[in-house]
Every structure is written in C-alpha cells, then in structure tokens.
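Below is one structure, written out as structure tokens, with a few remarks after it.
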Number of protein chains: 2
Amino acid sequence: LHPGTAPPDGEAPDGGAQNGGGLDGEAAHGRAPDGVSLDVGEPVGGGAGGPATTGGLAFTTDSYVVTPLFFPGGDIGDLAVNGTVNDLAMCGARPAHLSAAFIIEEGFPVEHLRRIATTMAGAARAAGVTIVTGDTKVVQRGKADGCYITTAGVGMVPSGVRLGADAVRPGDAVIVSGPIGEHGVTVMLARGRLDIEAELVSDTAPLNGLTARLLEACPDGRVRCLRDATRGGVATVLNEIARSSEVAVIITEEAVPVRPVVRGACELLGIDPLYVACEGRMVAVVAGESADAALAALRSHPLGEEAAVVGRVAEDPPGLVLLKTGFGGTRIVDVLVGDPLPRIC
Amino acid sequence: LHPGTAPPDGEAPDGGAQNGGGLDGEAAHGRAPDGVSLDVGEPVGGGAGGPATTGGLAFTTDSYVVTPLFFPGGDIGDLAVNGTVNDLAMCGARPAHLSAAFIIEEGFPVEHLRRIATTMAGAARAAGVTIVTGDTKVVQRGKADGCYITTAGVGMVPSGVRLGADAVRPGDAVIVSGPIGEHGVTVMLARGRLDIEAELVSDTAPLNGLTARLLEACPDGRVRCLRDATRGGVATVLNEIARSSEVAVIITEEAVPVRPVVRGACELLGIDPLYVACEGRMVAVVAGESADAALAALRSHPLGEEAAVVGRVAEDPPGLVLLKTGFGGTRIVDVLVGDPLPRIC
Ligand SMILES: Nc1ncnc2c1ncn2[C@@H]1O[C@H](COP(=O)(O)OP(=O)(O)OP(=O)(O)O)[C@@H](O)[C@H]1O
Ligand SMILES: Nc1ncnc2c1ncn2[C@@H]1O[C@H](COP(=O)(O)OP(=O)(O)OP(=O)(O)O)[C@@H](O)[C@H]1O
Ligand SMILES: [Mg+2]
Ligand SMILES: [Mg+2]
Ligand SMILES: [Mg+2]
Ligand SMILES: [Mg+2]
Ligand SMILES: [Mg+2]
Ligand SMILES: [Mg+2]
C-alpha cells in the first residue's frame with residue numbers, strides 16, 4: 001500500500017472537524033493520496049513462465065454531494081466520474097473501470113437522473129473508462145438533496161511509477177496545470193444567494209490524459225508528486241507536500257494562474273483563490289531540471305495550455321508553504337481550518 | 001464482462017419503479033449479478049514467460065441506507081462490509097480489498113461513527129479483507145439519516161470459475177444456505193412501530209468462507225450459480241434464475257428453512273418470508289449429482305449448518321418459479337412489485 005492510506009481500524013473515519021461530540025461542516029484536512037496501490041491476492045494463472053502477478057492495481061473512492069446538482073460547466077455526474085478518474089491519475093495510474101452508486105431522494109425527477117446518467121456516460125467516454133457496476137438506493141423525500149453519487153475506480157499503475165507527497169526534494173519545481181478556483185467559485189455563484197454575475201464555468205475535467213503525457217515526458221522518477229487541487233485548493237495540497245517531504249514550498253504569487261473573474265469573485269466573497277476547489281487542475285512537482293520538459297508536455301495538452309511553474313522547493317523552513325507577494329513581501333500560506341466552501345464536490 | 005452488467009450508457013440507472021416522472025420507494029428489481037469480472041487494461045510486467053494478464057478481477061459496489069443504523073445482530077457497518085464481500089463471493093471471487101465512503105449528517109454523534117467504524121474493522125477482519133481507501137463527506141442536518149455508507153470491493157476470480165443465473169440447467173439442485181428472512185424481519189421490528197417482540201437477530205455475515213468451501217467440493221462448473229438473497233429475498237433470486245436460464249425452478253415449501261419466530265412475525269406483518277431480505281444467506285444452484293457433496297460442504301461451515309436442498313430445476317414451465325405447498329398444491333412464486341421492506345440494507 002502507498003503511505004497515507006487510513007483504513008478505519010477501530011478508529012472513527014476522518015470526519016472533518018469534531019465539535020462537542022458531533023460532526024460539523026466539512027473542514028479541510030490532510031490531503032493524503034486518495035488512491036492506493038494494492039495486491040489483490042493470489043496470482044492469476046498466467047503464461048508458460050509461471051504464475052502472473054497482479055501488482056500495480058490502484059483503487060479509490062469518493063462520494064459526491066454537491067449543491068446544486070447542476071451548475072455552469074457540468075453537473076454532479078461530471079464530478080463523480082472526473083473526480084475518481086483524477087484520484088487514480090494522481091497515483092500515476094491509468095484509470096480503467098468505475099463503479100457508480102446512486103442514493104436518490106424519493107420524488108427526484110427522472111429527467112434529472114437521466115441527464116446525470118448521460119453526463120456520466122459522456123464523461124466516462126471522454127476519460128476512456130467504463131462504468132461496469134453500480135447500485136441504486138431510494139431514500140425518503142427530504143434526504144439526499146436530490147441525489148448523492150459515490151464512484152469507485154480501479155486502474156493500473158505502470159511499472160516504475162512511484163509518486164507521493166513524501167517524494168519531493170529541494171530543487172524541485174512546482175507546477176500548476178491551469179487557472180485555479182473556477183469550480184469552487186462557479187458552484188458558490190450557482191447557489192444564487194450572492195448578487196454576483198460572472199461568466200464562469202466549472203473546470204471539471206479528467207486529468208489522466210495530462211498525467212500520461214507528463215509521465216512520458218519526465219520518466220524515471222522525475223515526476224515526484226501529482227495532486228488534484230480539490231477540497232481545500234492548491235494551498236492545502238502544497239501544505240500536505242511541504243509536511244510530508246519536510247521541505248519548504250516557495251510560491252510566487254504573480255505566477256499562479258487565476259482568471260480575473262475568479263479573482264474578482266473571490267475578493268467579493270472574501271476568500272483566497274489558493275484555497276478554492278478545482279476539479280480539473282493539478283499540482284505537479286517535478287525534478288528541477290525537468291521543469292521545462294514538464295511544462296512543454298502539459299501545455300501540449302488542451303487541459304494544460306495555461307500550465308505554469310509557480311514555485312520551487314527549498315530546504316528551509318521545512319514543512320511550510322511561503323508565498324512571495326507582488327509587493328516583495330513573503331507570507332506563510334497556512335493550513336485552512338474549516339472549509340469556506342462546503343458541499344462543493 | 002459478465003452478463004447482467006448495466007453501465008449507464010446515456011440511460012437512467014435502474015432507480016426502482018418509476019411513478020409519474022418521479023421515483024418512489026424502493027422496488028424489487030432484477031437481481032442481476034452485482035459483481036463484474038473485468039480486465040483492467042495493459043498487462044503488468046510479469047515473469048520470464050511474457051507479459052502477465054490481469055484478467056479475473058471482480059469489482060462491485062453497494063450503498064447502504066438502512067434504518068435504524070443499529071439493530072439486533074449488527075449495524076450498518078456489518079452490512080456495508082458483508083454485503084460487498086458477498087457480492088464478490090457470489091461471482092466466485094475471493095474478496096480482497098474494500099473501499100468505504102461515508103456520507104454523514106452534521107451533528108451525527110462521533111461515538112456512533114466510532115462504533116460503526118469498529119464494527120467495520122471487525123467485519124473486515126472476519127471476512128479476511130482489508131479496507132484500503134475511503135472518503136468522508138458531511139451533509140446538512142436532516143439529511144442522510146445519520147449516515148449512509150457506500151463500499152466497493154475488488155477480488156480475484158480463480159481460473160475456471162464461471163457462475164451465472166444463466167448457467168442453470170434442468171436436473172440441477174437448488175440449495176439455500178440457512179434459515180431465511182431474519183435480517184429483514186429484525187430490521188422491521190427494530191423500527192419499533194410494531195408491537196411485536198421477538199428473539200431475533202440479523203443474519204448479516206460474510207459468505208466467502210462458505211462459497212470457497214462449496215467451490216472446492218464441487219469443482220469444474222458443477223456450481224452453476226450463487227446469489228445472496230438480499231432485497232427481494234429468495235423468491236426474487238429464484239425468479240431471476242428461472243428467467244435467465246429459461247428453466248422452471250420447483251421449490252418444496254416445507255424444505256425451505258424458516259425459523260418459527262420469523263414465520264410468526266411474517267404472519268403478523270402480512271408478508272411472505274420468501275420475499276424477505278437476508279444479508280448472510282445464499283441460494284446455490286449445483287449440478288444434481290453434486291447436491292449431496294454441496295450440502296455436506298455447506299453444513300461443514302458454521303454459517304451453513306442449516307443448509308437445505310429446497311428444490312430442483314426442470315425444463316417446464318420455463319421462466320417460472322413453482323412452489324409445492326404442504327397441502328399438495330402448487331402455486332407460482334411471482335416477481336415482487338414494490339418492496340414491502342424499504343431501507344432494509
Ligand atoms: N446506478 C447503476 N449503474 C450501473 N449499474 C447498476 C446501477 N444500479 C444497479 N446496477 C446494476 O444492476 C444490478 C443489480 O443491482 P442491485 O443493487 O439490485 O443488486 P444487489 O447489489 O445484489 O442488491 P442490493 O443492492 O439490494 O444488495 C447489478 O449488476 C448492478 O451492478
Ligand atoms: N472513511 C474513510 N475510511 C478510510 N479512509 C478514508 C476515509 N475518509 C478518507 N479516507 C482517506 O483519507 C485520505 C484523504 O481523503 P479525502 O477524501 O480528503 O481526499 P480526496 O478524495 O482527494 O478529496 P475529496 O474527497 O475532497 O475529493 C485518502 O487517502 C482516503 O482514502
Ligand atoms: Mg478523492
Ligand atoms: Mg476527489
Ligand atoms: Mg446493489
Ligand atoms: Mg450488491
Ligand atoms: Mg447487496
Ligand atoms: Mg475523498
């Protein structure tokens with residue numbers, strides 16, 4: 001198993017912040033890798049050379065509880081497929097098959113369900129995966145906010161690929177694959193409780209095409225870590241990396257791609273785009289000497305056209321993320337306590 | 001892929017009965033096998049004999065939305081582990097690893113969560129599987145009935161094993177692994193809205209030990225089909241088999257093991273035990289000449305001590321399940337329309 005895996009072994013699962021014996025809203029938490037590599041047991045009878053091994057399988061799951069279900073640029077179905085595809089891709093795996101389990105509220109319109117299923121079929125096609133099994137449960141009216149979807153996914157990790165938040169070293173380059181914060185801000189605005197109008201769509205997308213290209217361009221361990229910047233955003237991912245690898249991550253604020261409309265909405269909302277969820281952007285840490293090759297590989301893909309080197313890894317101060325601001329200052333990018341954007345994915 | 005797999009390909013997933021454009025309560029539906037065998041893509045680099053194949057992997061998922069969360073004999077955590085272990089076992093697979101995704105209501109007591117996690121850890125240990133990945137989402141108060149759990153599972157299908165509801169032939173024997181209906185009746189009574197007191201506990205249990213013993217005792221395709229009798233009960237499983245294999249399934253009422261307390265409660269509830277969910281009982285169809293060996297194998301296991309041959313497969317009338325009653329009569333055991341016991345698993 002990869003490190004970072006936390007099977008509930010007589011322990012309560014990570015339920016976010018605990019508050020007086022009860023669970024409250026979603027809190028940002030450590031961004032351990034969500035996919036795991038595993039060995040599914042006995043070898044399958046293979047060729048003439050003896051028993052074959054089944055190593056290299058990656059397996060992951062996520063539930064999707066977004067509100068609203070439909071938003072500009074996608075719906076819960078895109079998130080459920082792309083999110084799990086991306087969790088596999090971040091392990092360096094080639095996503096192969098997904099499961100899809102629906103918990104549906106009684107009275108949920110069948111047209112909505114059909115629309116979501118159509119979205120999922122399209123997203124699966126786009127990502128090159130197949131949905132091979134599923135489940136459907138109907139719960140009482142008032143529960144489940146229309147519908148919750150849980151997907152799980154399996155894929156193969158090519159031999160030689162070994163990524164991890166703990167594999168980052170001083171001298172490495174930190175890359176972001178595109179403009180950040182679009183998914184989170186889009187969903188916030190789609191709730192319609194804020195009087196902001198913006199031409200903005202979710203960035204939800206499958207990243208496996210991008211990761212394949214990157215791993216090909218930078219083989220032999222030169223890609224250290226891949227992480228999609230979902231709940232908690234880029235800041236949370238970088239903190240996880242800094243802590244796991246005991247390194248400093250030093251980011252140049254001006255280098256981080258943020259579209260003006262996202263920047264404007266974040267100012268009005270009083271939030272920092274670095275903490276806003278993306279559903280189709282990743283952080284890639286690569287060996288310093290591979291930065292150019294990595295950037296070229298990412299930019300050659302439609303989903304990476306605006307990729308940018310946003311910083312570098314240093315020895316000191318270990319465990320911290322520092323941001324060099326436009327005014328020549330430096331500030332610590334802290335771990336978020338309490339998620340400003342609940343029910344975003 | 002095994003037959004019976006229904007990826008949502010631009011189609012709405014099976015959401016139970018449809019009613020005026022909306023979904024209503026859970027309805028019993030076709031009991032296609034829930035696990036699938038699949039090929040996860042490129043072969044992994046294997047031994048000297050050439051590339052190894054990754055065939056033989058089984059993959060399945062189920063969501064658990066039971067009310068109440070805790071009931072005599074178990075809780076939602078047992079169901080979530082055993083249910084998915086059993087879906088793998090029914091494919092003839094050896095369950096290896098599970099994922100566990102929690103959707104938790106804000107304010108849900110942490111002690112309850114801890115108790116459920118402890119149950120899951122124990123159930124996983126008992127079944128010989130490991131929970132290797134998971135997810136936790138918190139939703140608003142009033143949603144999710146405390147907590148919903150979705151598990152997915154992967155396992156290996158040993159070479160030569162090929163089971164299916166369509167593989168049953170005239171002359172085969174129909175076996176039930178133990179007394180039926182205990183889970184469903186237990187959960188109904190645990191809701192406390194009925195004034196019935198009964199000494200009864202859920203039958204939730206992992207069936208992979210039982211299936212391994214059965215497949216060992218009856219090799220080479222002599223086990224035709226395995227199916228756990230969950231939502232819709234034994235009657236629904238038998239109908240699925242009769243239809244898929246275009247055979248008649250003829251059951252002797254007196255041979256079906258039902259504990260007196262279950263029979264009594266079912267009479268008071270006005271339901272037929274044949275339609276009541278079990279979470280640790282299976283229907284096994286085996287070659288007629290293997291009936292004795294199969295029964296001996298099942299009875300040698302603690303979970304199969306009360307296994308019984310309940311009927312046989314005939315040619316006519318194809319697609320129907322017939323019940324020979326104690327009074328010498330015969331009646332058709334129909335497909336259930338509308339589940340009498342919603343939120344049972
Ligand atoms: N939303 C879905 N998408 C894809 N396949 C689905 C979906 N819902 C159900 N299926 C498929 O339909 C078949 C029957 O599923 P169902 O959940 O009824 O069986 P089960 O898991 O054995 O029963 P239960 O869920 O009551 O334990 C399985 O093959 C399953 O993979
Ligand atoms: N209930 C649980 N049981 C076991 N492991 C869990 C559970 N919840 C989370 N984990 C593990 O904790 C780590 C972090 O999970 P988390 O869901 O925060 O990450 P993520 O899936 O990348 O983010 P998101 O769910 O917001 O998309 C993963 O390794 C995951 O497998
Ligand atoms: Mg995830
Ligand atoms: Mg995710
Ligand atoms: Mg199911
Ligand atoms: Mg199932
Ligand atoms: Mg089941
Ligand atoms: Mg997750």
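Chain labels A, B, ... are given in the sequence in which chains occur in the structure tokens; within each chain residues are numbered consecutively from 1, and ligands are likewise numbered from 1 in the order shown.
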
(Q) When DSSP is applied to the backbone of this structure, which of range 50-100 of chain B are assigned helix (DSSP H, G or I)? Write them out as a PyMOL selection string. (A) chain B and resi 76-90

Write out, as an mmCIF file, in the first residue's frame, the residues just selected, with N, CA, C and O atoms.
```
data_model
loop_
_atom_site.group_PDB
_atom_site.id
_atom_site.type_symbol
_atom_site.label_atom_id
_atom_site.label_comp_id
_atom_site.auth_asym_id
_atom_site.auth_seq_id
_atom_site.Cartn_x
_atom_site.Cartn_y
_atom_site.Cartn_z
ATOM 1 N N ILE B 76 -25.112 -0.869 10.448
ATOM 2 C CA ILE B 76 -24.876 -0.544 9.036
ATOM 3 C C ILE B 76 -23.452 -0.929 8.602
ATOM 4 O O ILE B 76 -23.223 -1.262 7.437
ATOM 5 N N GLY B 77 -22.531 -0.914 9.555
ATOM 6 C CA GLY B 77 -21.144 -1.267 9.231
ATOM 7 C C GLY B 77 -20.983 -2.731 8.833
ATOM 8 O O GLY B 77 -20.261 -3.055 7.885
ATOM 9 N N ASP B 78 -21.687 -3.613 9.534
ATOM 10 C CA ASP B 78 -21.660 -5.036 9.137
ATOM 11 C C ASP B 78 -22.223 -5.208 7.731
ATOM 12 O O ASP B 78 -21.665 -5.935 6.905
ATOM 13 N N LEU B 79 -23.363 -4.558 7.502
ATOM 14 C CA LEU B 79 -23.989 -4.701 6.187
ATOM 15 C C LEU B 79 -23.053 -4.220 5.090
ATOM 16 O O LEU B 79 -22.928 -4.855 4.044
ATOM 17 N N ALA B 80 -22.404 -3.069 5.347
ATOM 18 C CA ALA B 80 -21.579 -2.451 4.307
ATOM 19 C C ALA B 80 -20.367 -3.316 3.958
ATOM 20 O O ALA B 80 -19.945 -3.358 2.804
ATOM 21 N N VAL B 81 -19.815 -3.990 4.944
ATOM 22 C CA VAL B 81 -18.689 -4.889 4.668
ATOM 23 C C VAL B 81 -19.196 -6.215 4.112
ATOM 24 O O VAL B 81 -18.793 -6.664 3.036
ATOM 25 N N ASN B 82 -20.118 -6.842 4.831
ATOM 26 C CA ASN B 82 -20.571 -8.172 4.414
ATOM 27 C C ASN B 82 -21.293 -8.138 3.068
ATOM 28 O O ASN B 82 -21.149 -9.052 2.248
ATOM 29 N N GLY B 83 -22.084 -7.097 2.841
ATOM 30 C CA GLY B 83 -22.845 -7.025 1.594
ATOM 31 C C GLY B 83 -21.931 -7.015 0.382
ATOM 32 O O GLY B 83 -22.180 -7.710 -0.611
ATOM 33 N N THR B 84 -20.870 -6.250 0.470
ATOM 34 C CA THR B 84 -19.963 -6.146 -0.671
ATOM 35 C C THR B 84 -19.050 -7.370 -0.765
ATOM 36 O O THR B 84 -18.766 -7.859 -1.866
ATOM 37 N N VAL B 85 -18.647 -7.894 0.369
ATOM 38 C CA VAL B 85 -17.919 -9.169 0.375
ATOM 39 C C VAL B 85 -18.779 -10.245 -0.303
ATOM 40 O O VAL B 85 -18.299 -11.020 -1.143
ATOM 41 N N ASN B 86 -20.066 -10.258 0.030
ATOM 42 C CA ASN B 86 -20.945 -11.283 -0.523
ATOM 43 C C ASN B 86 -21.182 -11.104 -2.019
ATOM 44 O O ASN B 86 -21.254 -12.082 -2.755
ATOM 45 N N ASP B 87 -21.284 -9.855 -2.466
ATOM 46 C CA ASP B 87 -21.447 -9.640 -3.907
ATOM 47 C C ASP B 87 -20.236 -10.167 -4.666
ATOM 48 O O ASP B 87 -20.370 -10.705 -5.768
ATOM 49 N N LEU B 88 -19.053 -10.018 -4.093
ATOM 50 C CA LEU B 88 -17.859 -10.593 -4.725
ATOM 51 C C LEU B 88 -17.899 -12.118 -4.654
ATOM 52 O O LEU B 88 -17.641 -12.804 -5.649
ATOM 53 N N ALA B 89 -18.250 -12.638 -3.483
ATOM 54 C CA ALA B 89 -18.278 -14.096 -3.304
ATOM 55 C C ALA B 89 -19.267 -14.750 -4.270
ATOM 56 O O ALA B 89 -19.016 -15.852 -4.765
ATOM 57 N N MET B 90 -20.390 -14.058 -4.531
ATOM 58 C CA MET B 90 -21.406 -14.628 -5.432
ATOM 59 C C MET B 90 -20.921 -14.732 -6.875
ATOM 60 O O MET B 90 -21.474 -15.468 -7.672
#
```

**Q.** Environment of ligand 5 within 7 Å, counting only C-alpha atoms and all ligand atoms, reported as a list in words
**A.**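 So, counting only C-alpha atoms and all ligand atoms, the residues near ligand 5 are Gly134, Asp135 and Thr136 of chain A; Asp34, Thr61, Asp62 and Ser63 of chain B.
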
Q: Tell me, as a list in words, which residues lie within 6 Å of range 175-190 of chain A, counting only C-alpha atoms; anything in the same chain fewer than 6 positions away does not count.
A: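 Residues meeting the cut-off are Phe71, Val201, Ser202, Asp203, Pro257, Val258, Pro273, Val276, Ala277, Cys278, Arg281, Met282, Val283, Ala284, Gly304, Glu306, Ala307, Ala308, Val309 and Val310 of chain A.
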
For the residues in the current selection, export C-alpha atoms as a tab-separated table (two decimals), in the first residue's frame.
```tsv
chain	number	residue	atom	x	y	z
A	71	PHE	CA	-24.01	24.20	-12.40
A	201	VAL	CA	-17.79	27.61	-15.68
A	202	SER	CA	-16.51	24.75	-13.56
A	203	ASP	CA	-13.11	23.38	-14.52
A	257	PRO	CA	-2.73	31.48	-12.86
A	258	VAL	CA	-6.05	32.95	-11.68
A	273	PRO	CA	-8.34	31.62	-4.58
A	276	VAL	CA	-10.77	27.31	-3.60
A	277	ALA	CA	-11.50	23.86	-5.02
A	278	CYS	CA	-10.67	22.95	-8.58
A	281	ARG	CA	-6.48	21.24	-12.12
A	282	MET	CA	-3.49	19.60	-10.54
A	283	VAL	CA	-0.29	20.45	-8.80
A	284	ALA	CA	2.73	18.61	-10.23
A	304	GLY	CA	-2.77	22.18	-19.71
A	306	GLU	CA	-2.16	27.57	-19.26
A	307	ALA	CA	0.13	25.46	-17.08
A	308	ALA	CA	2.72	27.48	-15.18
A	309	VAL	CA	5.70	26.96	-12.94
A	310	VAL	CA	4.52	28.65	-9.77
```

Q: Within 6 Å of Ile250 in chain B, counting only C-alpha atoms, which residues show up once you throw out same-chain ones fewer than 6 positions away? Write them as a list in words, please.
A: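 Listing them by chain and then by number gives Gly311, Arg312, Val321, Leu322 and Leu323 of chain B.
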
Q. Which is closest to chain B among A:Glu105, A:Asp292, A:Asp75, A:Asp228, if we use only C-alpha atoms?
A.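 Closest candidate: A:Glu105.
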
Q: Determine the nearest neighbour of ligand 6 from the options A:Pro318, A:Ala100, A:Val110, A:Glu279, counting only C-alpha atoms and all ligand atoms.
A: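 Selected residue with least distance to ligand 6: A:Ala100.
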
Q. What is the distance between CA of Ile116 in chain B and atom 1 (N, counted along the ligand's line) of ligand 2, in Å to one decimal?
A.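 These atoms are spaced 10.7 Å apart.
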
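The shortest atom-to-atom distance to ligand 7, with only C-alpha atoms and all ligand atoms taken into account, belongs to B:Val65 out of B:Leu163, B:Val65, B:Val174, B:Cys266.
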
Q.
What parts of range 41-290 of chain A does DSSP call strand (DSSP E)? I'd like the answer as an NGL selection string.
A. :A and (57-64 or 70-71 or 74-75 or 94-105 or 130-139 or 147-156 or 173-176 or 223-228 or 248-252 or 282-286)

How would the residues just chosen look if you wrote them out with C-alpha atoms as a CSV table (one decimal), in the first residue's frame?
```csv
chain,number,residue,atom,x,y,z
A,57,LEU,CA,-3.6,-2.1,-9.3
A,58,ALA,CA,-4.9,1.2,-7.9
A,59,PHE,CA,-8.2,1.5,-6.2
A,60,THR,CA,-10.0,4.6,-4.9
A,61,THR,CA,-13.4,6.0,-4.0
A,62,ASP,CA,-15.2,9.4,-3.4
A,63,SER,CA,-18.7,10.4,-2.6
A,64,TYR,CA,-20.2,13.5,-4.4
A,70,PHE,CA,-26.3,21.2,-12.0
A,71,PHE,CA,-24.0,24.2,-12.4
A,74,GLY,CA,-21.1,20.5,-15.5
A,75,ASP,CA,-23.2,18.6,-13.0
A,94,ARG,CA,-4.2,4.6,-15.9
A,95,PRO,CA,-7.9,4.6,-14.9
A,96,ALA,CA,-9.8,1.6,-16.3
A,97,HIS,CA,-13.1,1.0,-14.7
A,98,LEU,CA,-15.5,2.8,-12.4
A,99,SER,CA,-18.5,1.8,-10.2
A,100,ALA,CA,-21.4,4.2,-9.7
A,101,ALA,CA,-23.7,4.1,-6.7
A,102,PHE,CA,-26.7,6.4,-6.5
A,103,ILE,CA,-28.6,7.4,-3.4
A,104,ILE,CA,-31.7,9.1,-4.7
A,105,GLU,CA,-34.4,11.0,-3.0
A,130,THR,CA,-16.1,2.3,-18.5
A,131,ILE,CA,-18.7,2.2,-15.7
A,132,VAL,CA,-19.0,-1.5,-15.1
A,133,THR,CA,-21.1,-1.9,-12.0
A,134,GLY,CA,-23.4,0.2,-9.8
A,135,ASP,CA,-26.1,0.4,-7.3
A,136,THR,CA,-29.3,2.4,-6.8
A,137,LYS,CA,-31.0,3.1,-3.5
A,138,VAL,CA,-34.0,5.4,-3.0
A,139,VAL,CA,-34.4,7.2,0.3
A,147,CYS,CA,-29.1,12.6,-5.3
A,148,TYR,CA,-25.7,11.6,-3.9
A,149,ILE,CA,-23.3,9.6,-6.1
A,150,THR,CA,-20.4,7.5,-4.9
A,151,THR,CA,-17.9,6.3,-7.5
A,152,ALA,CA,-15.0,3.9,-7.0
A,153,GLY,CA,-12.3,3.3,-9.6
A,154,VAL,CA,-9.6,0.8,-10.5
A,155,GLY,CA,-6.7,1.3,-12.8
A,156,MET,CA,-3.2,0.1,-13.4
A,173,ALA,CA,9.8,22.7,-9.5
A,174,VAL,CA,6.2,23.2,-8.6
A,175,ILE,CA,3.7,23.4,-11.5
A,176,VAL,CA,0.0,24.2,-11.6
A,223,VAL,CA,7.8,13.4,-11.6
A,224,ARG,CA,7.7,13.4,-7.8
A,225,CYS,CA,4.1,14.1,-6.9
A,226,LEU,CA,0.8,14.8,-8.6
A,227,ARG,CA,-2.2,16.1,-6.7
A,228,ASP,CA,-5.5,17.4,-7.9
A,248,ALA,CA,9.7,24.4,2.1
A,249,VAL,CA,7.5,25.2,-0.8
A,250,ILE,CA,8.1,28.7,-2.1
A,251,ILE,CA,5.4,30.1,-4.4
A,252,THR,CA,5.5,33.3,-6.4
A,282,MET,CA,-3.5,19.6,-10.5
A,283,VAL,CA,-0.3,20.5,-8.8
A,284,ALA,CA,2.7,18.6,-10.2
A,285,VAL,CA,6.1,18.6,-8.6
A,286,VAL,CA,8.9,17.6,-10.9
```

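Counting only C-alpha atoms and comparing B:Val262, B:Ile241, B:Leu269, B:Ile344, the residue that lies closest to chain A is B:Ile344.
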